[in-house]
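Visitor: Here you go, this is final-v1.cif (mmCIF, C-alpha atoms).
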data_data
loop_
_atom_site.group_PDB
_atom_site.id
_atom_site.type_symbol
_atom_site.label_atom_id
_atom_site.label_comp_id
_atom_site.auth_asym_id
_atom_site.auth_seq_id
_atom_site.Cartn_x
_atom_site.Cartn_y
_atom_site.Cartn_z
ATOM 1 C CA MET A 15 109.438 96.332 117.048
ATOM 2 C CA GLU A 16 108.348 96.552 113.427
ATOM 3 C CA SER A 17 104.865 97.942 112.864
ATOM 4 C CA LYS A 18 102.238 95.310 112.121
ATOM 5 C CA TYR A 19 100.009 97.860 110.385
ATOM 6 C CA ASP A 20 100.087 99.394 106.919
ATOM 7 C CA TYR A 21 99.512 102.744 108.579
ATOM 8 C CA VAL A 22 98.287 104.133 111.878
ATOM 9 C CA VAL A 23 95.725 106.928 112.150
ATOM 10 C CA PHE A 24 96.337 108.833 115.361
ATOM 11 C CA ASP A 25 95.038 111.884 117.178
ATOM 12 C CA ILE A 26 95.756 113.710 120.405
ATOM 13 C CA GLU A 27 93.880 116.064 122.686
ATOM 14 C CA THR A 28 95.817 118.816 124.429
ATOM 15 C CA THR A 29 95.514 121.581 126.982
ATOM 16 C CA GLY A 30 96.262 124.201 124.329
ATOM 17 C CA LEU A 31 97.801 124.879 120.939
ATOM 18 C CA HIS A 32 101.506 125.219 121.742
ATOM 19 C CA PRO A 33 103.783 122.157 122.031
ATOM 20 C CA ASP A 34 106.359 124.014 124.111
ATOM 21 C CA SER A 35 103.987 125.209 126.812
ATOM 22 C CA ASP A 36 100.862 123.003 126.620
ATOM 23 C CA GLN A 37 100.381 119.315 127.410
ATOM 24 C CA ILE A 38 98.914 116.183 125.851
ATOM 25 C CA CYS A 39 95.893 114.920 127.784
ATOM 26 C CA GLU A 40 94.774 112.087 125.466
ATOM 27 C CA ILE A 41 96.288 109.873 122.769
ATOM 28 C CA ALA A 42 94.393 107.494 120.488
ATOM 29 C CA ALA A 43 95.198 105.488 117.385
ATOM 30 C CA ILE A 44 93.725 103.029 114.911
ATOM 31 C CA GLY A 45 96.043 100.497 113.302
ATOM 32 C CA VAL A 46 94.972 99.784 109.717
ATOM 33 C CA LYS A 47 95.903 96.667 107.761
ATOM 34 C CA ASP A 48 94.603 95.850 104.265
ATOM 35 C CA GLY A 49 92.283 98.844 104.478
ATOM 36 C CA LEU A 50 90.551 97.734 107.683
ATOM 37 C CA PRO A 51 90.969 98.718 111.335
ATOM 38 C CA GLN A 52 92.904 95.946 113.051
ATOM 39 C CA GLY A 53 93.914 97.528 116.335
ATOM 40 C CA LEU A 54 92.811 100.296 118.691
ATOM 41 C CA PHE A 55 94.742 102.349 121.203
ATOM 42 C CA SER A 56 93.359 104.971 123.557
ATOM 43 C CA THR A 57 94.558 106.494 126.794
ATOM 44 C CA LEU A 58 94.012 109.615 128.799
ATOM 45 C CA VAL A 59 97.211 111.264 130.019
ATOM 46 C CA ALA A 60 97.838 112.917 133.371
ATOM 47 C CA ILE A 61 98.742 116.604 133.191
ATOM 48 C CA GLU A 62 100.463 118.996 135.543
ATOM 49 C CA GLY A 63 97.941 121.380 137.059
ATOM 50 C CA SER A 64 94.299 121.643 136.058
ATOM 51 C CA MET A 65 92.633 121.404 132.660
ATOM 52 C CA PRO A 66 92.279 124.934 131.256
ATOM 53 C CA GLU A 67 88.643 125.917 130.957
ATOM 54 C CA ALA A 68 88.906 126.737 127.249
ATOM 55 C CA ALA A 69 90.527 123.388 126.450
ATOM 56 C CA GLY A 70 87.963 121.507 128.523
ATOM 57 C CA ARG A 71 85.138 123.101 126.558
ATOM 58 C CA VAL A 72 86.694 121.793 123.342
ATOM 59 C CA ASN A 73 87.782 118.284 124.324
ATOM 60 C CA GLY A 74 85.278 117.539 127.081
ATOM 61 C CA ILE A 75 88.023 116.182 129.331
ATOM 62 C CA THR A 76 87.827 117.078 133.012
ATOM 63 C CA ASP A 77 90.283 116.909 135.903
ATOM 64 C CA ASP A 78 88.243 114.079 137.421
ATOM 65 C CA MET A 79 88.605 112.059 134.224
ATOM 66 C CA LEU A 80 92.391 112.406 134.402
ATOM 67 C CA LYS A 81 92.682 111.087 137.953
ATOM 68 C CA GLY A 82 94.705 107.889 137.822
ATOM 69 C CA ALA A 83 95.692 108.404 134.157
ATOM 70 C CA PRO A 84 99.268 107.425 133.246
ATOM 71 C CA ALA A 85 102.014 110.039 133.135
ATOM 72 C CA ILE A 86 103.064 111.214 129.678
ATOM 73 C CA GLY A 87 106.160 108.999 129.637
ATOM 74 C CA ASP A 88 104.196 105.837 130.374
ATOM 75 C CA ALA A 89 101.482 106.841 127.891
ATOM 76 C CA LEU A 90 104.088 107.406 125.195
ATOM 77 C CA ASP A 91 105.733 104.044 125.890
ATOM 78 C CA ALA A 92 102.391 102.308 125.375
ATOM 79 C CA PHE A 93 101.642 104.350 122.263
ATOM 80 C CA LEU A 94 105.058 103.689 120.710
ATOM 81 C CA ASP A 95 104.710 99.992 121.458
ATOM 82 C CA PHE A 96 101.330 99.990 119.703
ATOM 83 C CA ILE A 97 102.439 101.760 116.512
ATOM 84 C CA GLY A 98 105.822 100.038 116.099
ATOM 85 C CA GLU A 99 109.179 101.475 115.088
ATOM 86 C CA ASP A 100 108.631 102.062 111.369
ATOM 87 C CA ALA A 101 104.951 103.045 111.339
ATOM 88 C CA VAL A 102 103.401 105.211 108.661
ATOM 89 C CA LEU A 103 101.406 107.804 110.604
ATOM 90 C CA ALA A 104 98.187 109.306 109.278
ATOM 91 C CA GLY A 105 95.771 111.938 110.505
ATOM 92 C CA HIS A 106 94.377 115.412 109.979
ATOM 93 C CA ASN A 107 96.890 118.243 110.365
ATOM 94 C CA ILE A 108 99.268 115.879 112.139
ATOM 95 C CA ALA A 109 102.351 117.283 110.394
ATOM 96 C CA SER A 110 101.783 120.705 111.958
ATOM 97 C CA PHE A 111 100.065 119.805 115.237
ATOM 98 C CA ASP A 112 100.009 116.237 116.556
ATOM 99 C CA ILE A 113 103.511 115.165 115.557
ATOM 100 C CA PRO A 114 105.252 118.282 116.953
ATOM 101 C CA PHE A 115 103.316 117.843 120.217
ATOM 102 C CA VAL A 116 104.278 114.178 120.562
ATOM 103 C CA ALA A 117 107.876 114.802 119.502
ATOM 104 C CA ASN A 118 108.199 117.576 122.081
ATOM 105 C CA ALA A 119 106.660 115.468 124.850
ATOM 106 C CA ALA A 120 108.900 112.552 123.889
ATOM 107 C CA ALA A 121 112.027 114.690 124.041
ATOM 108 C CA LYS A 122 111.063 116.098 127.448
ATOM 109 C CA SER A 123 110.494 112.602 128.837
ATOM 110 C CA GLY A 124 113.643 111.083 127.346
ATOM 111 C CA ARG A 125 111.979 109.194 124.505
ATOM 112 C CA VAL A 126 112.664 109.257 120.774
ATOM 113 C CA PHE A 127 109.869 109.991 118.323
ATOM 114 C CA ILE A 128 111.099 110.033 114.725
ATOM 115 C CA TYR A 129 108.573 108.910 112.129
ATOM 116 C CA PRO A 130 109.330 110.357 108.678
ATOM 117 C CA TYR A 131 106.489 108.639 106.813
ATOM 118 C CA VAL A 132 103.381 110.746 107.280
ATOM 119 C CA ILE A 133 99.998 110.941 105.516
ATOM 120 C CA ASP A 134 98.379 114.256 106.402
ATOM 121 C CA THR A 135 94.743 114.300 105.303
ATOM 122 C CA LEU A 136 94.661 118.098 105.547
ATOM 123 C CA GLU A 137 97.496 118.430 103.042
ATOM 124 C CA ALA A 138 95.843 115.824 100.814
ATOM 125 C CA ALA A 139 92.525 117.712 100.992
ATOM 126 C CA ARG A 140 94.270 120.890 99.840
ATOM 127 C CA GLU A 141 95.573 119.032 96.788
ATOM 128 C CA LEU A 142 92.391 117.114 95.974
ATOM 129 C CA TRP A 143 89.805 119.818 96.709
ATOM 130 C CA PRO A 144 91.548 123.168 96.150
ATOM 131 C CA ASP A 145 88.270 125.084 95.772
ATOM 132 C CA LEU A 146 86.816 124.202 99.163
ATOM 133 C CA PRO A 147 86.458 127.246 101.420
ATOM 134 C CA SER A 148 87.539 125.152 104.421
ATOM 135 C CA ARG A 149 89.200 121.793 104.910
ATOM 136 C CA SER A 150 88.750 121.538 108.656
ATOM 137 C CA MET A 151 87.509 118.236 110.033
ATOM 138 C CA ASP A 152 84.095 119.770 110.748
ATOM 139 C CA SER A 153 83.831 120.982 107.137
ATOM 140 C CA LEU A 154 84.963 117.657 105.681
ATOM 141 C CA ARG A 155 82.529 115.753 107.892
ATOM 142 C CA GLY A 156 79.685 117.751 106.370
ATOM 143 C CA ILE A 157 80.937 117.580 102.787
ATOM 144 C CA LEU A 158 81.695 113.853 102.887
ATOM 145 C CA GLY A 159 78.613 112.916 104.920
ATOM 146 C CA ILE A 160 80.594 111.594 107.885
ATOM 147 C CA GLU A 161 78.364 111.237 110.920
ATOM 148 C CA ARG A 162 79.728 113.354 113.731
ATOM 149 C CA ARG A 163 80.862 111.148 116.579
ATOM 150 C CA ASP A 164 82.175 112.314 119.930
ATOM 151 C CA ALA A 165 84.112 115.077 118.181
ATOM 152 C CA HIS A 166 87.269 116.347 119.852
ATOM 153 C CA ARG A 167 87.812 113.124 121.739
ATOM 154 C CA ALA A 168 90.864 111.445 120.308
ATOM 155 C CA LEU A 169 89.547 108.002 119.333
ATOM 156 C CA ALA A 170 86.339 109.389 117.833
ATOM 157 C CA ASP A 171 88.428 111.822 115.799
ATOM 158 C CA CYS A 172 90.618 108.929 114.625
ATOM 159 C CA TYR A 173 87.587 107.164 113.168
ATOM 160 C CA ASP A 174 86.499 110.347 111.392
ATOM 161 C CA GLU A 175 90.006 110.983 110.078
ATOM 162 C CA LEU A 176 90.153 107.415 108.781
ATOM 163 C CA ALA A 177 86.878 108.066 106.929
ATOM 164 C CA VAL A 178 88.389 111.212 105.386
ATOM 165 C CA LEU A 179 91.516 109.300 104.383
ATOM 166 C CA ASN A 180 89.425 106.558 102.757
ATOM 167 C CA ALA A 181 87.485 109.216 100.815
ATOM 168 C CA GLU A 182 90.741 110.771 99.632
ATOM 169 C CA LEU A 183 92.136 107.397 98.602
ATOM 170 C CA SER A 184 88.932 106.735 96.649
ATOM 171 C CA VAL A 185 89.332 110.024 94.748
ATOM 172 C CA ILE A 186 92.961 109.208 93.985
ATOM 173 C CA MET A 187 92.089 105.711 92.764
ATOM 174 C CA GLN A 188 89.280 107.037 90.559
ATOM 175 C CA SER A 189 91.666 109.551 89.029
ATOM 176 C CA TYR A 190 94.261 106.824 88.517
ATOM 177 C CA THR A 191 91.675 104.562 86.872
ATOM 178 C CA ARG A 192 90.584 107.325 84.493
ATOM 179 C CA LYS A 193 94.181 108.005 83.541
ATOM 180 C CA MET A 194 94.861 104.316 83.019
ATOM 181 C CA ASP A 195 91.740 103.977 80.857
ATOM 182 C CA TYR A 196 92.868 106.969 78.788
ATOM 183 C CA CYS A 197 96.383 105.547 78.410
ATOM 184 C CA ARG A 198 94.981 102.163 77.479
ATOM 185 C CA GLY A 199 92.764 103.768 74.842
ATOM 186 C CA GLU A 200 95.674 105.753 73.439
ATOM 187 C CA LEU A 201 97.852 102.651 73.276
ATOM 188 C CA LEU A 202 95.134 100.743 71.420
ATOM 189 C CA ARG A 203 94.656 103.665 69.028
ATOM 190 C CA ILE A 204 98.398 103.849 68.312
ATOM 191 C CA ALA A 205 98.611 100.090 67.932
ATOM 192 C CA GLY A 206 95.735 100.244 65.432
ATOM 193 C CA GLU A 207 97.474 102.962 63.418
ATOM 194 C CA ILE A 208 100.707 100.966 63.382
ATOM 195 C CA THR A 209 98.827 97.881 62.240
ATOM 196 C CA GLU A 210 97.219 99.873 59.418
ATOM 197 C CA GLU A 211 100.607 101.226 58.331
ATOM 198 C CA ILE A 212 102.091 97.735 58.296
ATOM 199 C CA GLY A 213 99.123 96.503 56.294
ATOM 200 C CA GLU A 214 99.742 99.189 53.693
#
Take the structure from the file and write it as structure tokens.
Guide:
Amino acid sequence: MESKYDYVVFDIETTGLHPDSDQICEIAAIGVKDGLPQGLFSTLVAIEGSMPEAAGRVNGITDDMLKGAPAIGDALDAFLDFIGEDAVLAGHNIASFDIPFVANAAAKSGRVFIYPYVIDTLEAARELWPDLPSRSMDSLRGILGIERRDAHRALADCYDELAVLNAELSVIMQSYTRKMDYCRGELLRIAGEITEEIGE
């Protein structure tokens, strides 16, 4: 099914940092159309074994919360149905973290997860703000004045990542506008010189 969104901001919570050995315990996404959120997706995901203590301290997800949650295959089916086949995926550090995790989980459960169009707000932040000492979500929240929500829960992080993306798009558009104004001025200046030469 073709995606009905211009892009989808998504985030996952996991039991650790390694796609090969750790598991996804939450998936969330915001479908964006014409610059506005038009759809929400959020699900906890059942894991094998218990939530590691260190991971639980970060994401706030407990074993009790995961009781009755769908298995990873069912969660992925619902997620893939939400985003559509040709979605543009967006998020913070998704190229290095979220996408490898989902791709690995998809492969293990017999699903296909191939989405080549990716907007990584971490990579964009490195290009737009090269002098920042840190471009973590916590740092960008403070710098951009984004009110901290239920950080390290997937849907809350999606909203914050969408705010970061909108800030980055604003910077890009401002830069584009300045360049267009400069080009317009140069064209008018050249046109004026040509007119003067013709008049002579």
Visitor: Suppose you want the space between atom CA of A:Ser17 and atom CA of A:Cys39; what is it in Å?
Guide: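 Atom-to-atom, atom CA of A:Ser17 and atom CA of A:Cys39 are spaced 24.3 Å apart.
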Visitor: In terms of the shortest atom-to-atom distance over only C-alpha atoms, which of A:Gly74, A:Gly124, A:Pro66, A:Gly105 is closest to A:Gly87?
Guide: A:Gly124
Visitor: Suppose a student applies the PyMOL selection byres ((chain A and resi 32) around 12) to this structure; what residues should they get, written as JSON, numbers by chain?
Guide: {"A": [27, 28, 29, 30, 31, 33, 34, 35, 36, 37, 38, 110, 111, 112, 113, 114, 115, 116, 118, 119]}
Visitor: Assuming 5 Å of padding per side, give the centre and edge lengths of the axis-aligned box around every listed atom of stretch 28-41 of chain A, in Å to one decimal and as lines of an AutoDock Vina configuration file.
Guide:
center_x = 100.6
center_y = 117.5
center_z = 124.4
size_x = 21.6
size_y = 25.3
size_z = 16.8
Visitor: Please expand the PyMOL selection byres ((chain A and resi 155-169) around 12) into the concrete residues it hits in this file, giving the result as a PyMOL selection string.
Guide: chain A and resi 23-28+38-45+53-59+69-76+105-106+112+139+143+146-154+170-182+184-185
Visitor: Using only C-alpha atoms - which residues lie no farther than 10 Å from the point (100.4, 109.5, 133.9) in the file's frame? Write them as a list of chain:residue names.
Guide: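 Selection result: A:Cys39, A:Thr57, A:Leu58, A:Val59, A:Ala60, A:Ile61, A:Glu62, A:Leu80, A:Lys81, A:Gly82, A:Ala83, A:Pro84, A:Ala85, A:Ile86, A:Gly87, A:Asp88, A:Ala89, A:Leu90.
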Visitor: Looking at all atoms listed in the file, which of A:Ala138, A:Leu202, A:Leu50, A:Ala92 is the one that sits closest to A:Arg125?
Guide: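 Smallest distance to A:Arg125 is found for A:Ala92.
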Visitor: Check the smallest atom-to-atom distance from each of A:Leu136, A:Met15, A:Ala68, A:Met79 to A:Leu94 using all atoms listed in the file, then report the winner.
Guide: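 Of A:Leu136, A:Met15, A:Ala68, A:Met79, the one nearest A:Leu94 is A:Met15, counting all atoms listed in the file.
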Visitor: Kindly give the distance, in Å, that separates atom CA of A:Ile133 and atom CA of A:Gln188, rounded to a single decimal.
Guide: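 It comes out at 18.8 Å.
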Visitor: Enter the distance from atom CA of A:Ala117 to atom CA of A:Ser64, in Å, rounded to one decimal.
Guide: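 That distance, rounded to one decimal, is 22.5 Å.
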Visitor: Closest to A:Pro51 among A:Tyr196, A:Phe127, A:Tyr19, A:Phe96, using only C-alpha atoms?
Guide: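 Result for the nearest residue to A:Pro51: A:Tyr19.
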Visitor: Residue by residue, what does the PyMOL selection byres ((chain A and resi 99) around 12) grab here? Present the result as a PyMOL selection string.
Guide: chain A and resi 15-19+21-22+91+93-98+100-103+126-131
Visitor: Using the incomplete input, complete stretch 41-71 of chain A to the level of N, CA and C atoms; output as a PDB file, keeping the file's coordinate frame.
Guide:
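Result file is out14.pdb:
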ATOM      1  N   ILE A  41      95.706 110.418 123.999  1.00  0.00           N
ATOM      2  CA  ILE A  41      96.288 109.873 122.769  1.00  0.00           C
ATOM      3  C   ILE A  41      95.434 108.694 122.324  1.00  0.00           C
ATOM      4  N   ALA A  42      95.140 108.642 121.022  1.00  0.00           N
ATOM      5  CA  ALA A  42      94.393 107.494 120.488  1.00  0.00           C
ATOM      6  C   ALA A  42      94.918 107.165 119.101  1.00  0.00           C
ATOM      7  N   ALA A  43      94.714 105.921 118.694  1.00  0.00           N
ATOM      8  CA  ALA A  43      95.198 105.488 117.385  1.00  0.00           C
ATOM      9  C   ALA A  43      94.397 104.298 116.889  1.00  0.00           C
ATOM     10  N   ILE A  44      94.328 104.177 115.574  1.00  0.00           N
ATOM     11  CA  ILE A  44      93.725 103.029 114.911  1.00  0.00           C
ATOM     12  C   ILE A  44      94.771 102.434 113.976  1.00  0.00           C
ATOM     13  N   GLY A  45      95.128 101.187 114.201  1.00  0.00           N
ATOM     14  CA  GLY A  45      96.043 100.497 113.302  1.00  0.00           C
ATOM     15  C   GLY A  45      95.271  99.896 112.138  1.00  0.00           C
ATOM     16  N   VAL A  46      95.684 100.217 110.913  1.00  0.00           N
ATOM     17  CA  VAL A  46      94.972  99.784 109.717  1.00  0.00           C
ATOM     18  C   VAL A  46      95.826  98.807 108.917  1.00  0.00           C
ATOM     19  N   LYS A  47      95.232  97.689 108.562  1.00  0.00           N
ATOM     20  CA  LYS A  47      95.903  96.667 107.761  1.00  0.00           C
ATOM     21  C   LYS A  47      94.958  96.230 106.656  1.00  0.00           C
ATOM     22  N   ASP A  48      95.429  96.234 105.415  1.00  0.00           N
ATOM     23  CA  ASP A  48      94.603  95.850 104.265  1.00  0.00           C
ATOM     24  C   ASP A  48      93.315  96.670 104.208  1.00  0.00           C
ATOM     25  N   GLY A  49      93.410  97.932 104.585  1.00  0.00           N
ATOM     26  CA  GLY A  49      92.283  98.844 104.478  1.00  0.00           C
ATOM     27  C   GLY A  49      91.291  98.784 105.615  1.00  0.00           C
ATOM     28  N   LEU A  50      91.520  97.910 106.593  1.00  0.00           N
ATOM     29  CA  LEU A  50      90.551  97.734 107.683  1.00  0.00           C
ATOM     30  C   LEU A  50      91.205  97.983 109.035  1.00  0.00           C
ATOM     31  N   PRO A  51      90.445  98.554 109.980  1.00  0.00           N
ATOM     32  CA  PRO A  51      90.969  98.718 111.335  1.00  0.00           C
ATOM     33  C   PRO A  51      91.279  97.358 111.961  1.00  0.00           C
ATOM     34  N   GLN A  52      92.499  97.219 112.452  1.00  0.00           N
ATOM     35  CA  GLN A  52      92.904  95.946 113.051  1.00  0.00           C
ATOM     36  C   GLN A  52      93.373  96.088 114.485  1.00  0.00           C
ATOM     37  N   GLY A  53      93.478  97.319 114.962  1.00  0.00           N
ATOM     38  CA  GLY A  53      93.914  97.528 116.335  1.00  0.00           C
ATOM     39  C   GLY A  53      93.533  98.908 116.821  1.00  0.00           C
ATOM     40  N   LEU A  54      93.200  99.019 118.102  1.00  0.00           N
ATOM     41  CA  LEU A  54      92.811 100.296 118.691  1.00  0.00           C
ATOM     42  C   LEU A  54      93.697 100.602 119.894  1.00  0.00           C
ATOM     43  N   PHE A  55      93.992 101.884 120.043  1.00  0.00           N
ATOM     44  CA  PHE A  55      94.742 102.349 121.203  1.00  0.00           C
ATOM     45  C   PHE A  55      94.103 103.629 121.701  1.00  0.00           C
ATOM     46  N   SER A  56      93.924 103.746 123.000  1.00  0.00           N
ATOM     47  CA  SER A  56      93.359 104.971 123.557  1.00  0.00           C
ATOM     48  C   SER A  56      93.754 105.094 125.020  1.00  0.00           C
ATOM     49  N   THR A  57      94.239 106.253 125.394  1.00  0.00           N
ATOM     50  CA  THR A  57      94.558 106.494 126.794  1.00  0.00           C
ATOM     51  C   THR A  57      94.449 107.975 127.115  1.00  0.00           C
ATOM     52  N   LEU A  58      93.901 108.272 128.253  1.00  0.00           N
ATOM     53  CA  LEU A  58      94.012 109.615 128.799  1.00  0.00           C
ATOM     54  C   LEU A  58      95.422 109.767 129.370  1.00  0.00           C
ATOM     55  N   VAL A  59      95.850 111.004 129.547  1.00  0.00           N
ATOM     56  CA  VAL A  59      97.211 111.264 130.019  1.00  0.00           C
ATOM     57  C   VAL A  59      97.152 112.294 131.143  1.00  0.00           C
ATOM     58  N   ALA A  60      97.803 111.985 132.250  1.00  0.00           N
ATOM     59  CA  ALA A  60      97.838 112.917 133.371  1.00  0.00           C
ATOM     60  C   ALA A  60      98.565 114.197 132.976  1.00  0.00           C
ATOM     61  N   ILE A  61      98.102 115.314 133.470  1.00  0.00           N
ATOM     62  CA  ILE A  61      98.742 116.604 133.191  1.00  0.00           C
ATOM     63  C   ILE A  61      99.151 117.259 134.507  1.00  0.00           C
ATOM     64  N   GLU A  62     100.076 118.199 134.386  1.00  0.00           N
ATOM     65  CA  GLU A  62     100.463 118.996 135.543  1.00  0.00           C
ATOM     66  C   GLU A  62      99.477 120.146 135.681  1.00  0.00           C
ATOM     67  N   GLY A  63      98.916 120.328 136.859  1.00  0.00           N
ATOM     68  CA  GLY A  63      97.941 121.380 137.059  1.00  0.00           C
ATOM     69  C   GLY A  63      96.555 120.937 136.631  1.00  0.00           C
ATOM     70  N   SER A  64      95.687 121.912 136.424  1.00  0.00           N
ATOM     71  CA  SER A  64      94.299 121.643 136.058  1.00  0.00           C
ATOM     72  C   SER A  64      94.065 121.857 134.572  1.00  0.00           C
ATOM     73  N   MET A  65      93.022 121.218 134.054  1.00  0.00           N
ATOM     74  CA  MET A  65      92.633 121.404 132.660  1.00  0.00           C
ATOM     75  C   MET A  65      92.152 122.846 132.454  1.00  0.00           C
ATOM     76  N   PRO A  66      92.761 123.581 131.535  1.00  0.00           N
ATOM     77  CA  PRO A  66      92.279 124.934 131.256  1.00  0.00           C
ATOM     78  C   PRO A  66      90.819 124.915 130.814  1.00  0.00           C
ATOM     79  N   GLU A  67      90.077 125.892 131.249  1.00  0.00           N
ATOM     80  CA  GLU A  67      88.643 125.917 130.957  1.00  0.00           C
ATOM     81  C   GLU A  67      88.368 125.891 129.462  1.00  0.00           C
ATOM     82  N   ALA A  68      89.124 126.672 128.697  1.00  0.00           N
ATOM     83  CA  ALA A  68      88.906 126.737 127.249  1.00  0.00           C
ATOM     84  C   ALA A  68      89.153 125.385 126.593  1.00  0.00           C
ATOM     85  N   ALA A  69      90.222 124.704 127.018  1.00  0.00           N
ATOM     86  CA  ALA A  69      90.527 123.388 126.450  1.00  0.00           C
ATOM     87  C   ALA A  69      89.464 122.381 126.833  1.00  0.00           C
ATOM     88  N   GLY A  70      89.000 122.431 128.069  1.00  0.00           N
ATOM     89  CA  GLY A  70      87.963 121.507 128.523  1.00  0.00           C
ATOM     90  C   GLY A  70      86.673 121.658 127.747  1.00  0.00           C
ATOM     91  N   ARG A  71      86.354 122.887 127.362  1.00  0.00           N
ATOM     92  CA  ARG A  71      85.138 123.101 126.558  1.00  0.00           C
ATOM     93  C   ARG A  71      85.263 122.445 125.192  1.00  0.00           C
TER      94      ARG A  71
END
